>>> print(open('entry_3.txt').read())   # compact mmCIF, C-alpha atoms
# COMPACT_ATOMS: atom_id res chain seq x y z
CA MET A 208 51.09 -29.64 42.66
CA ARG A 209 50.43 -30.54 46.28
CA LYS A 210 49.68 -27.87 48.82
CA ASN A 211 52.57 -26.56 50.89
CA HIS A 212 51.01 -27.14 54.29
CA VAL A 213 54.06 -25.72 56.08
CA ARG A 214 53.63 -22.38 54.33
CA GLU A 215 49.92 -22.39 55.13
CA LYS A 216 50.56 -23.12 58.81
CA LEU A 217 53.15 -20.38 59.11
CA HIS A 218 50.77 -17.84 57.60
CA ALA A 219 48.11 -18.99 60.07
CA GLY A 220 50.54 -18.40 62.94
CA ASP A 221 51.02 -22.09 63.73
CA ALA A 222 54.38 -23.57 64.65
CA VAL A 223 56.16 -26.18 62.53
CA ILE A 224 59.19 -28.32 63.24
CA GLY A 225 61.97 -29.32 60.88
CA ALA A 226 65.62 -30.30 60.66
CA PHE A 227 68.62 -30.01 58.38
CA LEU A 228 69.92 -32.83 56.19
CA GLY A 229 73.66 -32.39 55.88
CA LEU A 230 74.84 -35.94 55.24
CA GLY A 231 73.44 -36.14 51.71
CA SER A 232 71.91 -39.56 52.34
CA PRO A 233 68.51 -40.37 50.77
CA ASN A 234 68.06 -43.09 53.39
CA VAL A 235 68.62 -40.69 56.26
CA ALA A 236 66.26 -38.20 54.63
CA GLU A 237 63.57 -40.86 54.33
CA LEU A 238 64.11 -41.90 57.96
CA MET A 239 63.79 -38.30 59.17
CA ALA A 240 60.59 -37.84 57.17
CA CYS A 241 59.17 -41.03 58.66
CA ALA A 242 59.98 -39.66 62.12
CA GLY A 243 57.34 -36.98 61.55
CA TYR A 244 59.11 -33.72 60.75
CA ASP A 245 56.91 -31.11 59.05
CA TRP A 246 59.78 -29.97 56.82
CA LEU A 247 63.36 -30.92 56.08
CA VAL A 248 66.08 -28.74 54.59
CA VAL A 249 68.61 -30.26 52.21
CA GLU A 250 71.89 -28.55 53.06
CA THR A 251 73.91 -27.41 50.05
CA GLU A 252 75.79 -24.38 51.37
CA HIS A 253 78.23 -26.21 53.64
CA ASN A 254 78.70 -29.58 51.97
CA GLY A 255 79.60 -30.97 48.57
CA LEU A 256 76.19 -31.97 47.19
CA ASP A 257 75.57 -31.38 43.50
CA SER A 258 72.17 -31.04 41.83
CA ALA A 259 71.87 -34.76 41.06
CA GLN A 260 72.51 -35.67 44.70
CA ILE A 261 70.00 -33.07 45.87
CA GLU A 262 67.46 -34.59 43.51
CA HIS A 263 68.01 -38.06 45.01
CA VAL A 264 67.48 -36.76 48.54
CA LEU A 265 64.28 -35.04 47.43
CA MET A 266 63.08 -38.28 45.83
CA ALA A 267 63.45 -40.00 49.19
CA LEU A 268 60.95 -37.55 50.69
CA ASN A 269 58.29 -38.25 48.08
CA GLY A 270 56.46 -40.90 50.07
CA SER A 271 55.82 -38.60 53.02
CA ASP A 272 53.91 -35.44 53.91
CA CYS A 273 57.21 -33.74 54.75
CA ILE A 274 57.82 -30.51 52.81
CA PRO A 275 61.25 -30.49 51.11
CA ILE A 276 63.25 -27.27 51.30
CA VAL A 277 66.70 -26.62 49.85
CA ARG A 278 69.27 -24.39 51.51
CA VAL A 279 70.92 -22.89 48.46
CA PRO A 280 74.65 -22.01 48.49
CA SER A 281 73.83 -18.37 47.78
CA ALA A 282 71.02 -16.18 46.52
CA ASP A 283 72.16 -16.60 42.91
CA PRO A 284 68.97 -17.09 40.82
CA ILE A 285 70.50 -20.13 39.11
CA PHE A 286 70.88 -21.96 42.43
CA ILE A 287 67.30 -21.06 43.35
CA GLN A 288 65.91 -22.15 40.00
CA LYS A 289 67.72 -25.50 40.09
CA ALA A 290 66.60 -26.20 43.66
CA LEU A 291 62.97 -25.64 42.70
CA ASP A 292 63.09 -27.35 39.30
CA VAL A 293 64.38 -30.60 40.84
CA GLY A 294 61.50 -30.65 43.30
CA GLY A 295 62.16 -28.33 46.24
CA MET A 296 58.99 -26.77 47.61
CA GLY A 297 60.89 -24.00 49.28
CA ILE A 298 64.30 -22.39 49.56
CA LEU A 299 66.36 -21.20 52.47
CA ALA A 300 68.74 -18.43 51.42
CA PRO A 301 71.83 -17.58 53.51
CA MET A 302 73.51 -14.28 54.34
CA VAL A 303 70.64 -11.97 53.38
CA ARG A 304 71.55 -8.42 54.42
CA THR A 305 69.08 -6.00 52.79
CA ALA A 306 65.49 -5.69 51.67
CA ALA A 307 66.70 -5.37 48.07
CA GLU A 308 68.38 -8.77 48.34
CA ALA A 309 65.21 -10.22 49.86
CA ARG A 310 63.07 -8.87 47.01
CA ALA A 311 65.45 -10.36 44.44
CA ILE A 312 65.22 -13.77 46.13
CA VAL A 313 61.42 -13.71 46.13
CA SER A 314 61.45 -12.70 42.47
CA ALA A 315 63.70 -15.65 41.60
CA THR A 316 61.10 -18.04 43.08
CA ARG A 317 58.10 -16.62 41.19
CA TYR A 318 57.04 -16.99 37.60
CA PRO A 319 56.18 -13.80 35.67
CA PRO A 320 54.48 -11.46 36.12
CA GLN A 321 55.11 -11.81 39.88
CA GLY A 322 58.80 -12.59 39.40
CA ARG A 323 61.52 -13.65 37.00
CA ARG A 324 61.86 -17.40 37.44
CA GLY A 325 62.53 -19.19 34.17
CA PHE A 326 60.19 -22.03 33.22
CA GLY A 327 61.50 -25.58 33.15
CA PRO A 328 60.36 -27.49 36.27
CA LEU A 329 61.31 -30.94 35.00
CA ARG A 330 61.06 -33.15 38.07
CA ALA A 331 58.93 -30.62 39.99
CA SER A 332 56.18 -30.95 37.36
CA ARG A 333 56.37 -34.76 37.35
CA TYR A 334 58.44 -34.64 34.17
CA THR A 335 56.03 -32.25 32.38
CA PHE A 336 52.89 -34.32 33.05
CA ASP A 337 51.75 -31.59 35.46
CA TYR A 338 53.03 -28.57 33.56
CA PRO A 339 49.76 -26.55 33.60
CA ASP A 340 48.99 -27.35 37.24
CA TYR A 341 52.52 -26.58 38.40
CA PHE A 342 52.63 -23.29 36.53
CA ALA A 343 49.25 -22.26 37.95
CA ASN A 344 50.09 -23.08 41.56
CA ALA A 345 53.85 -22.77 42.07
CA ASN A 346 53.85 -19.08 42.97
CA ASP A 347 51.45 -19.74 45.86
CA ASN A 348 53.22 -22.87 47.11
CA ILE A 349 56.93 -22.08 47.17
CA LEU A 350 58.13 -21.23 50.67
CA VAL A 351 60.76 -18.52 50.95
CA ALA A 352 62.85 -18.40 54.12
CA LEU A 353 65.89 -16.20 54.67
CA ILE A 354 68.72 -16.60 57.16
CA LEU A 355 69.67 -13.45 59.08
CA GLU A 356 73.24 -13.81 60.26
CA THR A 357 74.93 -10.41 60.09
CA LYS A 358 74.80 -7.08 61.91
CA GLU A 359 73.71 -5.47 58.64
CA ALA A 360 70.70 -7.81 58.48
CA LEU A 361 69.72 -6.77 62.01
CA ASP A 362 70.02 -3.10 61.06
CA ASN A 363 67.69 -3.72 58.10
CA LEU A 364 65.41 -6.20 59.86
CA ALA A 365 62.16 -4.23 59.67
CA GLU A 366 62.58 -3.57 55.94
CA ILE A 367 63.48 -7.21 55.21
CA ALA A 368 60.51 -8.56 57.20
CA ALA A 369 58.15 -6.27 55.26
CA VAL A 370 59.13 -7.65 51.82
CA PRO A 371 56.08 -9.37 50.26
CA GLY A 372 56.60 -13.07 49.66
CA ILE A 373 58.91 -13.68 52.64
CA ASP A 374 57.40 -16.55 54.63
CA ALA A 375 59.98 -16.91 57.41
CA LEU A 376 63.14 -15.31 58.73
CA VAL A 377 65.63 -17.59 60.47
CA LEU A 378 68.28 -16.46 62.92
CA GLY A 379 71.73 -17.89 62.24
CA LEU A 380 73.36 -17.38 65.61
CA PHE A 381 76.87 -18.67 64.86
CA ASP A 382 77.48 -16.31 61.95
CA LEU A 383 75.67 -13.54 63.81
CA CYS A 384 78.19 -13.94 66.62
CA LEU A 385 81.04 -13.70 64.14
CA SER A 386 79.54 -10.59 62.59
CA LEU A 387 79.32 -8.99 66.05
CA GLY A 388 82.93 -9.90 66.84
CA LEU A 389 81.97 -12.63 69.29
CA ASP A 390 83.24 -16.21 69.65
CA PRO A 391 80.26 -18.44 68.79
CA MET A 392 81.75 -21.25 70.86
CA GLN A 393 81.26 -19.13 73.99
CA GLN A 394 77.50 -18.51 73.67
CA PRO A 395 75.27 -17.19 75.15
CA PHE A 396 75.94 -13.45 74.85
CA ALA A 397 73.82 -10.54 76.03
CA GLU A 398 74.23 -8.86 72.62
CA VAL A 399 72.82 -11.91 70.86
CA ASP A 400 69.95 -12.22 73.33
CA ARG A 401 69.06 -8.59 72.60
CA ALA A 402 69.19 -9.30 68.87
CA ILE A 403 66.84 -12.26 69.34
CA GLU A 404 64.35 -10.12 71.24
CA GLN A 405 64.59 -7.43 68.56
CA ALA A 406 63.95 -9.95 65.78
CA LEU A 407 60.99 -11.46 67.63
CA ALA A 408 59.41 -8.05 68.17
CA VAL A 409 59.85 -6.97 64.55
CA CYS A 410 58.57 -10.21 63.06
CA GLN A 411 55.58 -10.42 65.38
CA LYS A 412 54.63 -6.84 64.52
CA GLN A 413 55.01 -7.55 60.80
CA GLY A 414 53.29 -10.94 60.97
CA THR A 415 56.32 -12.77 59.55
CA ALA A 416 57.21 -16.19 60.92
CA ILE A 417 60.55 -16.36 62.70
CA GLY A 418 62.78 -19.40 63.13
CA ILE A 419 65.69 -20.58 65.21
CA GLY A 420 67.62 -23.79 65.83
CA VAL A 421 67.26 -25.70 69.09
CA GLY A 422 69.27 -28.56 70.56
CA SER A 423 67.00 -30.10 73.19
CA PRO A 424 63.31 -30.62 74.00
CA GLU A 425 63.64 -28.07 76.80
CA GLU A 426 65.01 -25.43 74.44
CA LEU A 427 62.30 -26.32 71.93
CA ARG A 428 59.62 -25.53 74.49
CA GLN A 429 61.40 -22.33 75.54
CA ARG A 430 61.77 -20.96 72.00
CA HIS A 431 58.19 -21.85 71.12
CA ALA A 432 56.98 -19.99 74.21
CA GLN A 433 59.06 -16.98 73.09
CA GLY A 434 57.16 -16.86 69.82
CA PHE A 435 59.33 -18.80 67.37
CA THR A 436 57.22 -20.81 64.92
CA PHE A 437 59.75 -22.09 62.35
CA LEU A 438 61.67 -24.38 64.66
CA THR A 439 64.72 -26.43 63.70
CA TYR A 440 65.29 -29.44 65.90
CA GLY A 441 68.70 -30.77 65.03
CA THR A 442 70.68 -31.76 61.98
CA ASP A 443 70.95 -35.35 60.86
CA TYR A 444 74.67 -35.51 61.73
CA MET A 445 74.25 -33.85 65.15
CA LEU A 446 71.38 -36.14 66.12
CA LEU A 447 73.38 -39.18 65.02
CA GLY A 448 76.49 -37.93 66.78
CA ALA A 449 74.63 -37.22 70.04
CA ALA A 450 73.12 -40.71 70.09
CA ALA A 451 76.51 -42.29 69.39
CA ARG A 452 78.26 -40.23 72.07
CA ALA A 453 75.62 -41.09 74.68
CA GLY A 454 76.21 -44.81 74.21
CA ILE A 455 80.00 -44.48 74.06
CA ASP A 456 80.07 -42.32 77.19
CA ALA A 457 77.94 -44.86 79.02
CA PHE A 458 80.29 -47.62 77.96
CA ARG A 459 83.44 -45.71 79.00
CA ASN A 460 81.92 -45.16 82.44
CA LEU A 461 81.07 -48.83 83.06
>>> encode(input="entry_3.txt", output="C-alpha cells")
Amino acid sequence: MRKNHVREKLHAGDAVIGAFLGLGSPNVAELMACAGYDWLVVETEHNGLDSAQIEHVLMALNGSDCIPIVRVPSADPIFIQKALDVGGMGILAPMVRTAAEARAIVSATRYPPQGRRGFGPLRASRYTFDYPDYFANANDNILVALILETKEALDNLAEIAAVPGIDALVLGLFDLCLSLGLDPMQQPFAEVDRAIEQALAVCQKQGTAIGIGVGSPEELRQRHAQGFTFLTYGTDYMLLGAAARAGIDAFRNL
C-alpha cells in the first residue's frame, strides 16, 4: 500500500490543495490529477454515482501521485467500507455533529483492534495480491476528514477535534449558514466569520488540520495565511463553468 503523503503532510502542519469531482467523469478526474492537485474528492453525497462509477473514477487517478478521497453520502459504516474497499485512501464524512459520531466514523475506517472495519479490500489490495501489506498498513494510511456544517457541530467543536484518528475538519459554509438561519447566497456574515475564527483557534490548539473551500487565487492566499491547511480549490463543474462563462461573456461584449 502506498504512503498517504497528504495525511503525512497534514500531520506535519503542511498545507495541501485539492478539489471536488462532482461530474463523475474518469477523464475529468485524470485531467485534474495531471494538473497537480495533492488530493481529489469523489463526490457521492450530492450526485447519483454508484459504487461501480466511483471505482472507475478512482481507477483514473491510479497513474498519478494524487490521493483519492471519497465523500460518502453519510457516516453509515457500509458507505465508508465500500469507499475504502474500492480504492479510496480517505473519506470525507458530511454532517458530523458530535464527538461520538466522529469516533464511530474513525472506527469504521480501522481494522480491529483499533476499529470495526470488515475485511474485504478487493480493489484496494490490488485484487488480494497485496492482502498482507494492505492489512498491515491501512490503519495508518486512511485519511479521515469530517465536514462541520451545523450549529451543533460548532458547539461540540473542541470535543470533535480531540477525537483520535481525525486528520482534518472541513468547514461547510453553505449548510452552516442554513443551520444558523442565514441565506447562504448572501454571504459573508459576521456570525459565520466568528465561527471560522472559533474553528481555527480550536483546531490550531488541538493540532488538527482545518479545511475550507476557496474560489480564487486571492482567497486561497488569504485562507492559507489564516491557518487553513486542507484547502479546496474548486469543483470540476465550477471550474469548467467559470472558464465557459468567461469566454461567453467576452464574446457577448464584442
>>> closest_residue(input="entry_3.txt", among="A:Val370, A:Leu364, A:Asp340, A:Val249", to="Ala309 of chain A", atoms="only C-alpha atoms")
A:Val370
>>> closest_residue(input="entry_3.txt", among="A:Ile274, A:Gly434, A:Glu426, A:Ser314", to="Gly243 of chain A", atoms="only C-alpha atoms")
A:Ile274
>>> axis_aligned_box(input="entry_3.txt", around="segment 256-266 of chain A", padding_each_side="6 Å", output="lines of an AutoDock Vina configuration file")
center_x = 69.6
center_y = -34.7
center_z = 44.8
size_x = 25.1
size_y = 19.2
size_z = 19.5
>>> atom_distance(input="entry_3.txt", atom1="atom CA of Trp246 of chain A", atom2="atom CA of Pro275 of chain A")
5.9 Å
>>> residues_around(input="entry_3.txt", residues="Ala267 of chain A", least_positions_apart="2", cutoff="12 Å", atoms="all atoms listed in the file", output="ChimeraX atom specification")
/A:228,231-241,247,249,260-265,269-275,294
>>> write_last_selection(input="entry_3.txt", atoms="C-alpha atoms", output="PDB file, in the coordinates of the input")
ATOM      1  CA  LEU A 228      69.920 -32.830  56.190  1.00  0.00           C
ATOM      2  CA  GLY A 231      73.440 -36.140  51.710  1.00  0.00           C
ATOM      3  CA  SER A 232      71.910 -39.560  52.340  1.00  0.00           C
ATOM      4  CA  PRO A 233      68.510 -40.370  50.770  1.00  0.00           C
ATOM      5  CA  ASN A 234      68.060 -43.090  53.390  1.00  0.00           C
ATOM      6  CA  VAL A 235      68.620 -40.690  56.260  1.00  0.00           C
ATOM      7  CA  ALA A 236      66.260 -38.200  54.630  1.00  0.00           C
ATOM      8  CA  GLU A 237      63.570 -40.860  54.330  1.00  0.00           C
ATOM      9  CA  LEU A 238      64.110 -41.900  57.960  1.00  0.00           C
ATOM     10  CA  MET A 239      63.790 -38.300  59.170  1.00  0.00           C
ATOM     11  CA  ALA A 240      60.590 -37.840  57.170  1.00  0.00           C
ATOM     12  CA  CYS A 241      59.170 -41.030  58.660  1.00  0.00           C
ATOM     13  CA  LEU A 247      63.360 -30.920  56.080  1.00  0.00           C
ATOM     14  CA  VAL A 249      68.610 -30.260  52.210  1.00  0.00           C
ATOM     15  CA  GLN A 260      72.510 -35.670  44.700  1.00  0.00           C
ATOM     16  CA  ILE A 261      70.000 -33.070  45.870  1.00  0.00           C
ATOM     17  CA  GLU A 262      67.460 -34.590  43.510  1.00  0.00           C
ATOM     18  CA  HIS A 263      68.010 -38.060  45.010  1.00  0.00           C
ATOM     19  CA  VAL A 264      67.480 -36.760  48.540  1.00  0.00           C
ATOM     20  CA  LEU A 265      64.280 -35.040  47.430  1.00  0.00           C
ATOM     21  CA  ASN A 269      58.290 -38.250  48.080  1.00  0.00           C
ATOM     22  CA  GLY A 270      56.460 -40.900  50.070  1.00  0.00           C
ATOM     23  CA  SER A 271      55.820 -38.600  53.020  1.00  0.00           C
ATOM     24  CA  ASP A 272      53.910 -35.440  53.910  1.00  0.00           C
ATOM     25  CA  CYS A 273      57.210 -33.740  54.750  1.00  0.00           C
ATOM     26  CA  ILE A 274      57.820 -30.510  52.810  1.00  0.00           C
ATOM     27  CA  PRO A 275      61.250 -30.490  51.110  1.00  0.00           C
ATOM     28  CA  GLY A 294      61.500 -30.650  43.300  1.00  0.00           C
TER      29      GLY A 294
END
>>> residues_around(input="entry_3.txt", residues="Gly414 of chain A", least_positions_apart="4", cutoff="10 Å", atoms="only C-alpha atoms", output="MDAnalysis selection string")
chainID A and resid 217:220 368:369 374:375 408:410
>>> closest_residue(input="entry_3.txt", among="A:Val213, A:Ile419, A:Ala311, A:Met392", to="Glu356 of chain A", atoms="all atoms listed in the file")
A:Ile419
>>> residues_around(input="entry_3.txt", residues="segment 341-350 of chain A", least_positions_apart="6", cutoff="6 Å", atoms="all atoms listed in the file", output="PDB file with C-alpha atoms, in the coordinates of the input")
ATOM      1  CA  MET A 208      51.090 -29.640  42.660  1.00  0.00           C
ATOM      2  CA  ASN A 211      52.570 -26.560  50.890  1.00  0.00           C
ATOM      3  CA  ARG A 214      53.630 -22.380  54.330  1.00  0.00           C
ATOM      4  CA  MET A 296      58.990 -26.770  47.610  1.00  0.00           C
ATOM      5  CA  GLY A 297      60.890 -24.000  49.280  1.00  0.00           C
ATOM      6  CA  ARG A 317      58.100 -16.620  41.190  1.00  0.00           C
ATOM      7  CA  SER A 332      56.180 -30.950  37.360  1.00  0.00           C
TER       8      SER A 332
END
>>> residues_around(input="entry_3.txt", residues="Glu252 of chain A", least_positions_apart="4", cutoff="8 Å", atoms="all atoms listed in the file", output="ChimeraX atom specification")
/A:278-281
>>> residues_around(input="entry_3.txt", residues="Arg304 of chain A", least_positions_apart="5", cutoff="9 Å", atoms="all atoms listed in the file", output="JSON list (two decimals) with C-alpha atoms, keeping the file's coordinate frame")
[["chain", "number", "residue", "atom", "x", "y", "z"],
["A", 309, "ALA", "CA", 65.21, -10.22, 49.86],
["A", 355, "LEU", "CA", 69.67, -13.45, 59.08],
["A", 356, "GLU", "CA", 73.24, -13.81, 60.26],
["A", 357, "THR", "CA", 74.93, -10.41, 60.09],
["A", 358, "LYS", "CA", 74.80, -7.08, 61.91],
["A", 359, "GLU", "CA", 73.71, -5.47, 58.64],
["A", 360, "ALA", "CA", 70.70, -7.81, 58.48],
["A", 361, "LEU", "CA", 69.72, -6.77, 62.01],
["A", 362, "ASP", "CA", 70.02, -3.10, 61.06],
["A", 363, "ASN", "CA", 67.69, -3.72, 58.10],
["A", 364, "LEU", "CA", 65.41, -6.20, 59.86],
["A", 367, "ILE", "CA", 63.48, -7.21, 55.21]]
>>> atom_distance(input="entry_3.txt", atom1="atom CA of Gln405 of chain A", atom2="atom CA of Ile224 of chain A")
22.2 Å
>>> closest_residue(input="entry_3.txt", among="A:Leu299, A:Leu383, A:Ala307, A:Ala290", to="Ala352 of chain A", atoms="only C-alpha atoms")
A:Leu299
>>> atom_distance(input="entry_3.txt", atom1="atom CA of Thr251 of chain A", atom2="atom CA of Gly448 of chain A")
19.9 Å
>>> decode(input="entry_3.txt", residues="segment 291-318 of chain A", atoms="N, CA and C atoms", output="mmCIF file, in the first residue's frame")
data_model
loop_
_atom_site.group_PDB
_atom_site.id
_atom_site.type_symbol
_atom_site.label_atom_id
_atom_site.label_comp_id
_atom_site.auth_asym_id
_atom_site.auth_seq_id
_atom_site.Cartn_x
_atom_site.Cartn_y
_atom_site.Cartn_z
ATOM 1 N N LEU A 291 -13.667 2.646 0.819
ATOM 2 C CA LEU A 291 -12.291 2.236 1.044
ATOM 3 C C LEU A 291 -11.947 0.951 0.288
ATOM 4 N N ASP A 292 -12.878 0.012 0.250
ATOM 5 C CA ASP A 292 -12.604 -1.268 -0.411
ATOM 6 C C ASP A 292 -12.404 -1.109 -1.913
ATOM 7 N N VAL A 293 -13.040 -0.102 -2.533
ATOM 8 C CA VAL A 293 -12.849 0.093 -3.974
ATOM 9 C C VAL A 293 -11.632 0.961 -4.284
ATOM 10 N N GLY A 294 -10.922 1.402 -3.250
ATOM 11 C CA GLY A 294 -9.658 2.078 -3.503
ATOM 12 C C GLY A 294 -9.492 3.477 -2.959
ATOM 13 N N GLY A 295 -10.489 4.010 -2.245
ATOM 14 C CA GLY A 295 -10.304 5.313 -1.621
ATOM 15 C C GLY A 295 -9.224 5.243 -0.553
ATOM 16 N N MET A 296 -8.409 6.277 -0.481
ATOM 17 C CA MET A 296 -7.378 6.348 0.559
ATOM 18 C C MET A 296 -7.769 7.317 1.667
ATOM 19 N N GLY A 297 -9.017 7.707 1.632
ATOM 20 C CA GLY A 297 -9.542 8.570 2.670
ATOM 21 C C GLY A 297 -11.022 8.757 2.456
ATOM 22 N N ILE A 298 -11.700 9.226 3.505
ATOM 23 C CA ILE A 298 -13.125 9.523 3.394
ATOM 24 C C ILE A 298 -13.387 10.910 3.953
ATOM 25 N N LEU A 299 -14.392 11.542 3.377
ATOM 26 C CA LEU A 299 -14.877 12.827 3.861
ATOM 27 C C LEU A 299 -16.330 12.616 4.251
ATOM 28 N N ALA A 300 -16.617 12.751 5.535
ATOM 29 C CA ALA A 300 -17.952 12.441 6.050
ATOM 30 C C ALA A 300 -18.722 13.723 6.326
ATOM 31 N N PRO A 301 -19.960 13.824 5.818
ATOM 32 C CA PRO A 301 -20.751 15.050 5.994
ATOM 33 C C PRO A 301 -21.546 15.061 7.295
ATOM 34 N N MET A 302 -21.986 16.255 7.655
ATOM 35 C CA MET A 302 -22.966 16.469 8.730
ATOM 36 C C MET A 302 -22.594 15.797 10.053
ATOM 37 N N VAL A 303 -21.323 15.894 10.427
ATOM 38 C CA VAL A 303 -20.891 15.345 11.714
ATOM 39 C C VAL A 303 -21.191 16.374 12.802
ATOM 40 N N ARG A 304 -21.891 15.938 13.850
ATOM 41 C CA ARG A 304 -22.379 16.878 14.867
ATOM 42 C C ARG A 304 -21.764 16.678 16.239
ATOM 43 N N THR A 305 -21.301 15.458 16.554
ATOM 44 C CA THR A 305 -20.831 15.172 17.913
ATOM 45 C C THR A 305 -19.537 14.368 17.883
ATOM 46 N N ALA A 306 -18.866 14.355 19.025
ATOM 47 C CA ALA A 306 -17.645 13.563 19.152
ATOM 48 C C ALA A 306 -17.950 12.071 19.039
ATOM 49 N N ALA A 307 -19.117 11.650 19.523
ATOM 50 C CA ALA A 307 -19.495 10.235 19.420
ATOM 51 C C ALA A 307 -19.616 9.832 17.956
ATOM 52 N N GLU A 308 -20.213 10.683 17.133
ATOM 53 C CA GLU A 308 -20.296 10.392 15.705
ATOM 54 C C GLU A 308 -18.906 10.334 15.087
ATOM 55 N N ALA A 309 -18.032 11.242 15.489
ATOM 56 C CA ALA A 309 -16.669 11.259 14.955
ATOM 57 C C ALA A 309 -15.919 9.975 15.311
ATOM 58 N N ARG A 310 -16.070 9.523 16.549
ATOM 59 C CA ARG A 310 -15.403 8.282 16.963
ATOM 60 C C ARG A 310 -15.918 7.088 16.166
ATOM 61 N N ALA A 311 -17.217 7.050 15.901
ATOM 62 C CA ALA A 311 -17.795 5.949 15.128
ATOM 63 C C ALA A 311 -17.257 5.943 13.699
ATOM 64 N N ILE A 312 -17.062 7.117 13.129
ATOM 65 C CA ILE A 312 -16.522 7.215 11.766
ATOM 66 C C ILE A 312 -15.090 6.701 11.730
ATOM 67 N N VAL A 313 -14.272 7.134 12.674
ATOM 68 C CA VAL A 313 -12.890 6.650 12.725
ATOM 69 C C VAL A 313 -12.877 5.133 12.863
ATOM 70 N N SER A 314 -13.716 4.609 13.740
ATOM 71 C CA SER A 314 -13.765 3.164 13.956
ATOM 72 C C SER A 314 -14.110 2.411 12.676
ATOM 73 N N ALA A 315 -14.997 2.983 11.867
ATOM 74 C CA ALA A 315 -15.409 2.331 10.617
ATOM 75 C C ALA A 315 -14.292 2.307 9.580
ATOM 76 N N THR A 316 -13.249 3.117 9.772
ATOM 77 C CA THR A 316 -12.128 3.146 8.821
ATOM 78 C C THR A 316 -10.941 2.309 9.279
ATOM 79 N N ARG A 317 -11.028 1.710 10.452
ATOM 80 C CA ARG A 317 -9.895 0.993 11.046
ATOM 81 C C ARG A 317 -10.222 -0.483 11.246
ATOM 82 N N TYR A 318 -9.244 -1.318 10.904
ATOM 83 C CA TYR A 318 -9.400 -2.741 11.187
ATOM 84 C C TYR A 318 -9.185 -2.999 12.678
#
